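Participant: Below: one structure in structure tokens.
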Amino acid sequence: MAGRTVTAGRALVIAEIGNNHDGSVHQAERLIDAAAEAGADAVKFQTHIAEAEMHPSTPTPPHFPEPRWEFTKRMELTAGEHRRLKKHAESRELLFFSSPFSVEAVELLEEIGNPCYKIASGEVTNPPLLEAVAATGKPVLLSTGMAGIEDVEHALEVLRAGGAGEILVLQCTSSYPAPPEKVNLRAMVAMGERLGLPYGLSDHTPDIHTSIAAVALGAAAIEKHFTLSKRLYGPDHHASLTPEELARLVDGIRQVEAALGTEAKERDPELDPARATFEKSVVSREAIAAGTEIEREMLTTKRPGNGIPAIRLPEVVGRRAARPIPANHVLESADLG
């Protein structure tokens with residue numbers, strides 16, 4: 001994706017700026033800077049052209065009182081403003097991309113070189129938009145917050161038929177905020193396996209725990225709404241992470257990825273000093289005369305683990321003492337004939 005490998009084991013962490021810029025390019029740039037400093041890999045915006053995407057009668061969502069038409073008009077950014085924000089994000093070594101909400105928005109994003117697309121949950125059942133995105137041939141992140149699996153499969157048919165690039169599916173719950181019990185991380189895994197696609201989570205919970213759990217389950221991308229303050233005006237700030245929270249999320253994700261390791265279960269030579277303290281050796285219960293055949297009752301196991309390992313006790317039974325062995329002696333190979 002724009003030169004970045006997106007895969008389980010090194011999840012793409014996306015700071016969803018969305019509409020949290022409140023129509024201000026300056027605030028958008030501050031959000032980009034904060035996302036970079038928190039360790040995000042990408043910033044994502046939303047590209048709105050109100051006349052193209054909605055009728056003025058569109059109802060106001062239940063979680064925010066401002067009329068949707070008026071709010072969307074305020075969130076519009078010109079092609080020049082998109083280009084400026086993309087350049088700024090790239091100067092901070094962040095991937096910049098956006099979600100279009102109309103065919104005209106796709107055309108605008110193509111003008112500025114948008115490298116990949118996210119299909120928002122409400123657009124999964126919108127064939128004209130899917131076809132326009134597919135025609136770009138670029139990678140797609142497909143969010144599924146309002147969709148059933150049949151909707152997702154139909155959207156994939158449209159995207160693939162239209163020539164879309166690689167596709168990643170995002171489990172999502174379109175509530176702001178989403179309670180953890182509504183997230184359904186098992187559906188994320190099952191959807192990815194059923195569709196044969198990499199998967200991730202667009203996480204609307206108010207904390208970081210669900211996203212970290214998703215990475216442990218194989219998520220290749222994590223998207224979280226991002227704000228400078230939860231107290232700012234707008235529909236998404238209260239369900240967004242602050243810079244400090246995003247930094248904790250990135251740190252948690254990277255720690256979990258490191259902890260996942262490999263499927264191999266092997267003895268680590270670096271733990272040999274610990275084994276000397278905590279594992280056990282074969283030890284004589286009683287004094288054993290030289291030449292005596294050693295019996296099981298003559299032996300026990302004790303720390304430290306620097307003698308004949310306790311696991312080899314059955315091999316010691318039946319051997320003869322090569323020399324006198326005192327009681328409570330940590331046996332060595334030289335003690336055996």
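Simple scheme: letters A, B, ... for chains in structure tokens order, numbers from 1 for residues in each chain, numbers from 1 for ligands in the order shown.
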Could you name the residues that touch region 112-126 of chain A at 8 Å or less, counting only C-alpha atoms, but leaving out those on the same chain fewer than 2 positions away, as an MDAnalysis selection string?
Facilitator: chainID A and resid 1:2 79 82:83 96:101 108:110 128:130 133 138:147 151:152 155 172 174
Participant: Please, which residues of region 79-294 of chain A, numbered as in this document, come out strand (DSSP E) from DSSP, as a PyMOL selection string?
Facilitator: chain A and resi 95-100+117-119+140-143+167-172+199-203+221-225+281-284
Participant: Write a file of the just-selected residues containing C-alpha atoms, as a JSON list (two decimals), in the first residue's frame.
Facilitator:
[["chain", "number", "residue", "atom", "x", "y", "z"],
["A", 95, "LEU", "CA", 0.81, 7.56, 4.61],
["A", 96, "PHE", "CA", -2.03, 9.93, 3.65],
["A", 97, "PHE", "CA", -5.30, 8.66, 2.23],
["A", 98, "SER", "CA", -9.00, 9.40, 2.38],
["A", 99, "SER", "CA", -12.50, 7.93, 2.24],
["A", 100, "PRO", "CA", -14.62, 9.31, -0.61],
["A", 117, "TYR", "CA", -8.98, 4.10, -0.63],
["A", 118, "LYS", "CA", -11.09, 3.25, 2.35],
["A", 119, "ILE", "CA", -14.72, 2.41, 1.64],
["A", 140, "VAL", "CA", -8.87, -0.76, -0.88],
["A", 141, "LEU", "CA", -9.72, -1.01, 2.81],
["A", 142, "LEU", "CA", -13.34, -2.12, 3.01],
["A", 143, "SER", "CA", -15.12, -1.20, 6.24],
["A", 167, "ILE", "CA", -8.29, -5.50, -0.62],
["A", 168, "LEU", "CA", -8.29, -5.61, 3.18],
["A", 169, "VAL", "CA", -11.56, -6.05, 5.10],
["A", 170, "LEU", "CA", -12.17, -4.12, 8.31],
["A", 171, "GLN", "CA", -14.48, -5.35, 11.04],
["A", 172, "CYS", "CA", -16.33, -2.34, 12.39],
["A", 199, "TYR", "CA", -8.31, -8.28, 7.86],
["A", 200, "GLY", "CA", -8.23, -5.52, 10.43],
["A", 201, "LEU", "CA", -10.35, -3.47, 12.81],
["A", 202, "SER", "CA", -11.89, -0.03, 12.51],
["A", 203, "ASP", "CA", -12.30, 0.44, 16.24],
["A", 221, "ALA", "CA", -4.53, -2.82, 10.13],
["A", 222, "ILE", "CA", -5.97, -0.85, 13.04],
["A", 223, "GLU", "CA", -7.93, 2.36, 12.54],
["A", 224, "LYS", "CA", -8.86, 4.65, 15.44],
["A", 225, "HIS", "CA", -10.49, 8.07, 15.36],
["A", 281, "SER", "CA", 19.90, -32.43, 39.25],
["A", 282, "VAL", "CA", 20.13, -36.05, 40.38],
["A", 283, "VAL", "CA", 21.26, -36.11, 44.05],
["A", 284, "SER", "CA", 22.19, -39.05, 46.31]]
Participant: Any idea what the distance is between CA of Pro269 (chain A) and CA of Ala310 (chain A)?
Facilitator: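 So the two atoms, CA of Pro269 (chain A) and CA of Ala310 (chain A), lie 18.0 Å apart.
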Participant: For Ala35 (chain A), work out the shell of residues within 12 Å, counting only C-alpha atoms and skipping chain neighbours fewer than 4 positions away, then give it as a PyMOL selection string.
Facilitator: chain A and resi 13-17+28-31+39-44+88-89+92-96+224-228+241-250
Participant: Export, as a PDB file, in the first residue's frame, the selected residues with C-alpha atoms.
Facilitator:
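Produced file selection-v1.pdb, reproduced below:
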ATOM      1  CA  VAL A  13      -1.840   1.911  12.616  1.00  0.00           C
ATOM      2  CA  ILE A  14      -4.165   4.482  11.064  1.00  0.00           C
ATOM      3  CA  ALA A  15      -5.068   7.722  12.849  1.00  0.00           C
ATOM      4  CA  GLU A  16      -8.550   8.480  11.499  1.00  0.00           C
ATOM      5  CA  ILE A  17      -8.662  12.274  11.459  1.00  0.00           C
ATOM      6  CA  ALA A  28      -5.751  19.202  10.269  1.00  0.00           C
ATOM      7  CA  GLU A  29      -2.011  19.868  10.111  1.00  0.00           C
ATOM      8  CA  ARG A  30      -1.791  19.904  13.915  1.00  0.00           C
ATOM      9  CA  LEU A  31      -3.550  16.535  13.960  1.00  0.00           C
ATOM     10  CA  GLY A  39       3.900   6.764  16.244  1.00  0.00           C
ATOM     11  CA  ALA A  40       1.033   6.234  13.784  1.00  0.00           C
ATOM     12  CA  ASP A  41       1.785   4.859  10.316  1.00  0.00           C
ATOM     13  CA  ALA A  42      -0.974   6.654   8.433  1.00  0.00           C
ATOM     14  CA  VAL A  43      -3.545   9.427   8.641  1.00  0.00           C
ATOM     15  CA  LYS A  44      -6.922   9.117   7.007  1.00  0.00           C
ATOM     16  CA  HIS A  88       2.433  17.678   5.031  1.00  0.00           C
ATOM     17  CA  ALA A  89       1.677  14.095   6.036  1.00  0.00           C
ATOM     18  CA  ARG A  92       6.164  13.528   8.526  1.00  0.00           C
ATOM     19  CA  GLU A  93       6.665  10.089   6.895  1.00  0.00           C
ATOM     20  CA  LEU A  94       2.974   9.247   7.201  1.00  0.00           C
ATOM     21  CA  LEU A  95       0.806   7.557   4.605  1.00  0.00           C
ATOM     22  CA  PHE A  96      -2.030   9.929   3.654  1.00  0.00           C
ATOM     23  CA  LYS A 224      -8.858   4.646  15.440  1.00  0.00           C
ATOM     24  CA  HIS A 225     -10.494   8.067  15.360  1.00  0.00           C
ATOM     25  CA  PHE A 226      -8.008  10.674  16.532  1.00  0.00           C
ATOM     26  CA  THR A 227      -8.433  14.080  18.165  1.00  0.00           C
ATOM     27  CA  LEU A 228      -6.444  16.724  20.002  1.00  0.00           C
ATOM     28  CA  LEU A 241      -8.115   8.818  21.028  1.00  0.00           C
ATOM     29  CA  THR A 242      -6.005  11.726  22.251  1.00  0.00           C
ATOM     30  CA  PRO A 243      -2.311  11.894  21.298  1.00  0.00           C
ATOM     31  CA  GLU A 244      -1.311  10.323  24.611  1.00  0.00           C
ATOM     32  CA  GLU A 245      -3.789   7.468  24.117  1.00  0.00           C
ATOM     33  CA  LEU A 246      -2.682   6.893  20.527  1.00  0.00           C
ATOM     34  CA  ALA A 247       0.938   6.663  21.683  1.00  0.00           C
ATOM     35  CA  ARG A 248      -0.086   4.046  24.264  1.00  0.00           C
ATOM     36  CA  LEU A 249      -1.955   2.143  21.560  1.00  0.00           C
ATOM     37  CA  VAL A 250       1.026   2.091  19.202  1.00  0.00           C
TER      38      VAL A 250
END
Participant: Could you list, as a short mmCIF file (atom, residue, chain, number, x, y, z; two decimals) with C-alpha atoms, in the first residue's frame, every residue within 9 Å of Ala276 (chain A), counting only C-alpha atoms and ignoring same-chain residues fewer than 5 positions away?
Facilitator:
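That gives us selection-v9.cif:
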data_model
loop_
_atom_site.label_atom_id
_atom_site.label_comp_id
_atom_site.auth_asym_id
_atom_site.auth_seq_id
_atom_site.Cartn_x
_atom_site.Cartn_y
_atom_site.Cartn_z
CA LEU A 271 18.14 -19.33 29.79
CA ARG A 303 18.40 -27.77 42.85
CA PRO A 304 20.74 -26.56 41.38
CA GLY A 305 20.55 -27.85 37.84
CA ASN A 306 24.29 -27.99 37.16
CA GLY A 307 24.75 -31.75 37.70
#
Participant: So how far away is CA of His63 (chain A) from CA of Asp22 (chain A), in Å?
Facilitator: 16.4 Å
